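Worksheet: the structure to be examined is printed underneath.
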Amino acid sequence: MSRILIVDDEASICFALREFLTDEGHRVDVAASAEEGFKLAEDGPPDAIVLDIRLPGIDGLSAISEFRSRIGPAPIVVITAFGNLETAVRAMEGGAFDYLVKPFDLDQAAIVVKRALETPKVQGSPAAATAADGAEALIGTSPAMQDLFKSIALVAPTDVPVLITGESGTGKELVAWAIHRHSSRRSGPFLPICLAALSPGLVERELFGHLKGSFTGAAQDREGLLELASGGTVLLDEIGDVPSSLQVKLLRAIEHREVTPVGDARPRPTDIRVIAATNRPLAELMAAGQFREDLFFRLSVFPIHPPPLRDRREDIPALAEHFLRQSRLPDVADTHLTQEVIGELRSRPWAGNIRELRNAIEHAAIVARGRTIRPEHLPPAACGPGRMATIATGEIEPQLAEWARQEAVRLRGCPDEAALYERFLELTEPHVLRAVLGACLNNRAQAAQVLGIHRATLRQKLNKYGIS
Ligand SMILES: Nc1ncnc2c1ncn2[C@@H]1O[C@H](COP(=O)(O)OP(=O)(O)OP(=O)(O)O)[C@@H](O)[C@H]1O
């Protein structure tokens, strides 16, 4: 039996949690304020505390350190009605074990409390400084965003590399920035480097710098970006595009925190934290021999995956409102989003994720010119997979129809040859199979999924057409 202290002024939550945890065999004390909780904790130190943030008197986040000084390292589970990144970070920094976002169900609470009681007690780190002013907020309250906030809050104070994977426009750079500004490096530089944008021949010089005379035109020594960012965080965006020839050198820079400029033999120290981001499947690049295993494992110590917007549609209204207010258009104060627009926004595929939503809202605000935004003010949905398919089909269709018509006329008189359907498949299928296999880096399971056919069927078709 463990002793659990619940500190919450909402009687219904206290009642439900108390009943539930008592049934689980624990002894439960309840306090309606932090001050009352301190007294109860002194009377008998609890094994875990469930602490609401919004309390009369001292608020929950401020109370964490006070509880810590009274109860030592016992786990504290924080309850919040609105979980955002700041809450997550402050809770984690204060040494909270985890947090529950209201409304939560009792099973969920039981799992978190159980885990808290089972986990070896660790003293939380003292609260660090809060976020930099004016930092761009990560908007969202969906369960997927709550997980993301927790991951950021957990990994930010450590100095380990982070690998952020996700579709384009899901906020990977914003996540990297959030990690930086909640880390001890926050007063150092945050340097995003888009590797795909650097020409392959220049990547090494840009990253590692060069010595004077090391190549034609090298008139003076130049520090590389990895050295310039010393004391801060480097975001290596599109890490899948780093040339194979540089991967060992990059690994060395991350592991040993030193860089060797082009034309120099002596490494120089650089104190950087590396965050890598990609929208390409690194594991598959690795399987295809295009990405080094050791670099992959070094980078993916702590993977984070911002979800695509279609998987957290409940965040769309808040995001849309946020982008509308951020657009800084002259008439925006009088501009509003109708329920109809919200409905339309929630139904779109958002292939370009949050970036596409942001652009759509800015576009609509310009067209609406200070009036209420209606669905017709929105731009057409960007080239998502569905729309691309329509365009391609639109181009192919007339030619296909003409080919079929001619073949049908020709075959009408030659019944022995008549296998038009089979011929059509033989003409088209190999192209589709090769294209999909290529896009899936020869991963047959994934290709079968994209094609919507069974793996065995894919295997048969590949054998039939001699595609290896
Ligand atoms: N949760 C969020 N809340 C508010 N704005 C967001 C959020 N996520 C992303 N954005 C905004 O969406 C846009 C795209 O985000 P970002 O550039 O971080 O995406 P990305 O995944 O790095 O894209 P890419 O892979 O194309 O580089 C930016 O304007 C960013 O500020």
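Following the order of the structure tokens, first chain is A, next is B, and so on, with residues numbered from 1 inside each chain and ligands from 1 in the order they appear.
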
Within 7 Å of ligand 1 (counting only C-alpha atoms and all ligand atoms), which residues show up? I'd like them as a ChimeraX atom specification. /A:136-140,166-175,237,278-279,319,354-355,358

With C-alpha atoms retained, export the selected residues as a PDB file, in the first residue's frame.
ATOM      1  CA  GLU A 136       7.164  31.207 -31.538  1.00  0.00           C
ATOM      2  CA  ALA A 137       4.588  29.096 -29.748  1.00  0.00           C
ATOM      3  CA  LEU A 138       3.840  25.510 -30.569  1.00  0.00           C
ATOM      4  CA  ILE A 139       0.059  25.506 -30.726  1.00  0.00           C
ATOM      5  CA  GLY A 140      -2.032  22.418 -30.002  1.00  0.00           C
ATOM      6  CA  GLY A 166       8.077  13.973 -39.844  1.00  0.00           C
ATOM      7  CA  GLU A 167       6.416  15.165 -42.995  1.00  0.00           C
ATOM      8  CA  SER A 168       7.244  18.522 -44.454  1.00  0.00           C
ATOM      9  CA  GLY A 169       5.559  21.406 -42.634  1.00  0.00           C
ATOM     10  CA  THR A 170       4.783  19.501 -39.421  1.00  0.00           C
ATOM     11  CA  GLY A 171       6.891  21.875 -37.329  1.00  0.00           C
ATOM     12  CA  LYS A 172      10.229  20.052 -37.109  1.00  0.00           C
ATOM     13  CA  GLU A 173      12.220  23.275 -37.091  1.00  0.00           C
ATOM     14  CA  LEU A 174       9.923  24.809 -34.503  1.00  0.00           C
ATOM     15  CA  VAL A 175      10.394  21.742 -32.295  1.00  0.00           C
ATOM     16  CA  ASP A 237      17.797  19.897 -41.538  1.00  0.00           C
ATOM     17  CA  THR A 278      14.342  14.760 -41.918  1.00  0.00           C
ATOM     18  CA  ASN A 279      11.183  13.929 -43.786  1.00  0.00           C
ATOM     19  CA  LEU A 319      -3.975  26.918 -35.170  1.00  0.00           C
ATOM     20  CA  ILE A 354       0.820  23.288 -40.761  1.00  0.00           C
ATOM     21  CA  ARG A 355       2.737  25.339 -43.303  1.00  0.00           C
ATOM     22  CA  ARG A 358      -0.747  28.949 -42.252  1.00  0.00           C
TER      23      ARG A 358
END

Those in stretch 20-260 of chain A with strand (DSSP E) from DSSP, as a PyMOL selection string: chain A and resi 27-31+48-52+76-80+98-101+162-165+190-194+209-210+222-223+233-237+258-259

Counting only C-alpha atoms, figure out which residue out of A:Arg186, A:His336, A:Val259, A:Thr141 gets nearest to A:Ala318.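 Of the candidates, the smallest distance to A:Ala318 is held by A:Thr141.
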
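Shortest atom-to-atom contact with A:Val301 among A:Thr158, A:Thr457, A:Ser183, A:Asn442: A:Thr158, counting only C-alpha atoms.
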
Using only C-alpha atoms, which residues sit within 10 Å of A:Pro243 once same-chain residues fewer than 2 positions away are excluded, as an MDAnalysis selection string? chainID A and resid 195:196 200:201 203:204 239:241 245:247 290:291

Generate the output file for the selected residues, C-alpha atoms, as a compact mmCIF listing (two decimals), in the first residue's frame.
# COMPACT_ATOMS: atom_id res chain seq x y z
CA LEU A 195 21.72 20.48 -45.99
CA ALA A 196 19.56 20.01 -49.07
CA PRO A 200 27.10 18.94 -52.52
CA GLY A 201 30.56 20.25 -53.39
CA VAL A 203 28.78 21.13 -47.84
CA GLU A 204 32.13 20.21 -46.30
CA ILE A 239 19.98 15.12 -42.71
CA GLY A 240 19.19 12.39 -45.26
CA ASP A 241 20.85 14.64 -47.85
CA SER A 245 31.59 11.10 -48.00
CA LEU A 246 30.92 13.51 -45.11
CA GLN A 247 29.01 11.22 -42.81
CA GLN A 290 22.97 5.45 -48.34
CA PHE A 291 23.16 6.42 -44.69

Quick one, how far is atom CA of A:Ser347 from atom CA of A:His377?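 For atom CA of A:Ser347 relative to atom CA of A:His377, the distance reads 15.7 Å.
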
Quick one: residues within 12 Å of A:Leu427, only C-alpha atoms, excluding same-chain residues fewer than 4 positions away - as a PyMOL selection string? chain A and resi 400+403-404+420-423+431-433+465

As an exercise, work out the distance from atom CA of A:Ala63 to atom CA of A:Phe38 in Å and give it to one decimal place.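 Going from atom CA of A:Ala63 over to atom CA of A:Phe38, I get 8.8 Å.
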
Name the residues in contact with stretch 285-288 of chain A at a cut-off of 10 Å, using only C-alpha atoms, excluding same-chain residues fewer than 3 positions from it; report them as a VMD selection string. chain A and resid 240 280 to 282 291 to 296 440 to 443

Between atom CA of A:Ala320 and atom CA of A:Arg369, what distance in Å does the model show, to one decimal?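 Pair atom CA of A:Ala320 / atom CA of A:Arg369 returns 16.5 Å.
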
As a PyMOL selection string, please: the residues near A:Met1 (cut-off 12 Å, only C-alpha atoms, same-chain neighbours under 4 positions excluded). chain A and resi 21-28+46-48+114+117

Point out the residue among A:Pro308, A:Gly94, A:Gly352, A:Pro375 with the least atom-to-atom distance to A:Glu340, counting only C-alpha atoms.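 Under the stated criterion, the closest residue is A:Pro375.
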
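For the choices A:Arg371, A:Arg273, A:Arg115, A:Arg310, the atom-to-atom distance to A:Asn353 is smallest for A:Arg310 when using only C-alpha atoms.
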
Identify which of the residues A:Gly95, A:Val450, A:Arg346, A:Leu51 lies closest to A:Gly72, counting only C-alpha atoms when measuring atom-to-atom distances.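 Answer, going by the shortest atom-to-atom distance: A:Gly95.
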
Can you pull out the residues contacting stretch 214-229 of chain A? Cut-off 8 Å, using only C-alpha atoms, and skip same-chain residues under 5 positions away; I want them as a list in words. Gly188, Pro189, Phe190, Leu191, Arg205, Glu206, Leu207, Phe208, Gly209, Val234, Val259, Pro261, Val262, Gly263, Pro269, Thr270, Asp271 and Ile272 of chain A

Helix (DSSP H, G or I) call set, DSSP backbone run, stretch 270-336 of chain A, as an NGL selection string: :A and (282-287 or 293-299 or 309-311 or 313-326 or 332-334)

Take the residues just selected and output them with N, CA and C atoms as a tab-separated table (two decimals), in the first residue's frame.
chain	number	residue	atom	x	y	z
A	282	LEU	N	14.96	7.58	-42.78
A	282	LEU	CA	16.40	7.33	-42.60
A	282	LEU	C	16.73	5.85	-42.48
A	283	ALA	N	15.83	5.12	-41.78
A	283	ALA	CA	16.10	3.70	-41.59
A	283	ALA	C	16.19	3.01	-42.95
A	284	GLU	N	15.36	3.47	-43.88
A	284	GLU	CA	15.38	2.83	-45.20
A	284	GLU	C	16.60	3.28	-46.00
A	285	LEU	N	16.99	4.54	-45.85
A	285	LEU	CA	18.21	4.99	-46.52
A	285	LEU	C	19.39	4.17	-46.01
A	286	MET	N	19.33	3.87	-44.72
A	286	MET	CA	20.40	3.09	-44.11
A	286	MET	C	20.40	1.67	-44.68
A	287	ALA	N	19.19	1.11	-44.78
A	287	ALA	CA	19.10	-0.25	-45.33
A	287	ALA	C	19.59	-0.28	-46.78
A	293	GLU	N	25.14	3.52	-40.60
A	293	GLU	CA	24.45	3.02	-39.41
A	293	GLU	C	24.91	3.73	-38.14
A	294	ASP	N	26.25	3.92	-38.02
A	294	ASP	CA	26.76	4.52	-36.77
A	294	ASP	C	26.24	5.95	-36.61
A	295	LEU	N	26.15	6.68	-37.72
A	295	LEU	CA	25.64	8.06	-37.63
A	295	LEU	C	24.16	8.04	-37.28
A	296	PHE	N	23.44	7.10	-37.89
A	296	PHE	CA	22.01	6.99	-37.60
A	296	PHE	C	21.78	6.73	-36.11
A	297	PHE	N	22.52	5.76	-35.57
A	297	PHE	CA	22.30	5.41	-34.16
A	297	PHE	C	22.73	6.55	-33.23
A	298	ARG	N	23.76	7.28	-33.62
A	298	ARG	CA	24.21	8.41	-32.80
A	298	ARG	C	23.15	9.51	-32.78
A	299	LEU	N	22.58	9.75	-33.97
A	299	LEU	CA	21.60	10.84	-34.07
A	299	LEU	C	20.27	10.48	-33.42
A	309	LEU	N	-0.70	16.94	-39.67
A	309	LEU	CA	-1.88	17.69	-39.22
A	309	LEU	C	-3.16	16.86	-39.32
A	310	ARG	N	-3.22	15.99	-40.31
A	310	ARG	CA	-4.46	15.18	-40.48
A	310	ARG	C	-4.68	14.25	-39.29
A	311	ASP	N	-3.63	13.99	-38.51
A	311	ASP	CA	-3.79	13.12	-37.34
A	311	ASP	C	-4.12	13.90	-36.07
A	313	ARG	N	-6.61	16.76	-36.10
A	313	ARG	CA	-7.50	17.78	-36.66
A	313	ARG	C	-8.14	18.65	-35.57
A	314	GLU	N	-8.20	18.12	-34.35
A	314	GLU	CA	-8.82	18.91	-33.28
A	314	GLU	C	-8.03	20.19	-33.00
A	315	ASP	N	-6.75	20.22	-33.43
A	315	ASP	CA	-5.94	21.43	-33.20
A	315	ASP	C	-6.16	22.49	-34.29
A	316	ILE	N	-6.87	22.14	-35.35
A	316	ILE	CA	-6.97	23.06	-36.49
A	316	ILE	C	-7.63	24.40	-36.11
A	317	PRO	N	-8.76	24.42	-35.36
A	317	PRO	CA	-9.34	25.73	-35.04
A	317	PRO	C	-8.36	26.65	-34.30
A	318	ALA	N	-7.66	26.11	-33.31
A	318	ALA	CA	-6.73	26.96	-32.54
A	318	ALA	C	-5.57	27.42	-33.42
A	319	LEU	N	-5.08	26.54	-34.28
A	319	LEU	CA	-3.98	26.92	-35.17
A	319	LEU	C	-4.43	28.01	-36.13
A	320	ALA	N	-5.65	27.82	-36.69
A	320	ALA	CA	-6.16	28.79	-37.67
A	320	ALA	C	-6.30	30.16	-37.01
A	321	GLU	N	-6.86	30.17	-35.81
A	321	GLU	CA	-7.04	31.43	-35.08
A	321	GLU	C	-5.67	32.07	-34.80
A	322	HIS	N	-4.70	31.24	-34.41
A	322	HIS	CA	-3.34	31.72	-34.11
A	322	HIS	C	-2.73	32.37	-35.36
A	323	PHE	N	-2.84	31.70	-36.49
A	323	PHE	CA	-2.23	32.24	-37.71
A	323	PHE	C	-2.95	33.51	-38.17
A	324	LEU	N	-4.26	33.55	-37.94
A	324	LEU	CA	-5.02	34.74	-38.32
A	324	LEU	C	-4.52	35.94	-37.51
A	325	ARG	N	-4.37	35.74	-36.20
A	325	ARG	CA	-3.92	36.85	-35.33
A	325	ARG	C	-2.47	37.21	-35.63
A	326	GLN	N	-1.70	36.22	-36.07
A	326	GLN	CA	-0.28	36.49	-36.35
A	326	GLN	C	-0.07	37.18	-37.67
A	332	VAL	N	-7.10	42.75	-39.60
A	332	VAL	CA	-7.29	41.42	-39.06
A	332	VAL	C	-8.09	41.41	-37.74
A	333	ALA	N	-8.05	42.53	-37.01
A	333	ALA	CA	-8.78	42.56	-35.73
A	333	ALA	C	-10.27	42.31	-35.94
A	334	ASP	N	-10.79	42.72	-37.11
A	334	ASP	CA	-12.23	42.54	-37.36
A	334	ASP	C	-12.52	41.25	-38.13
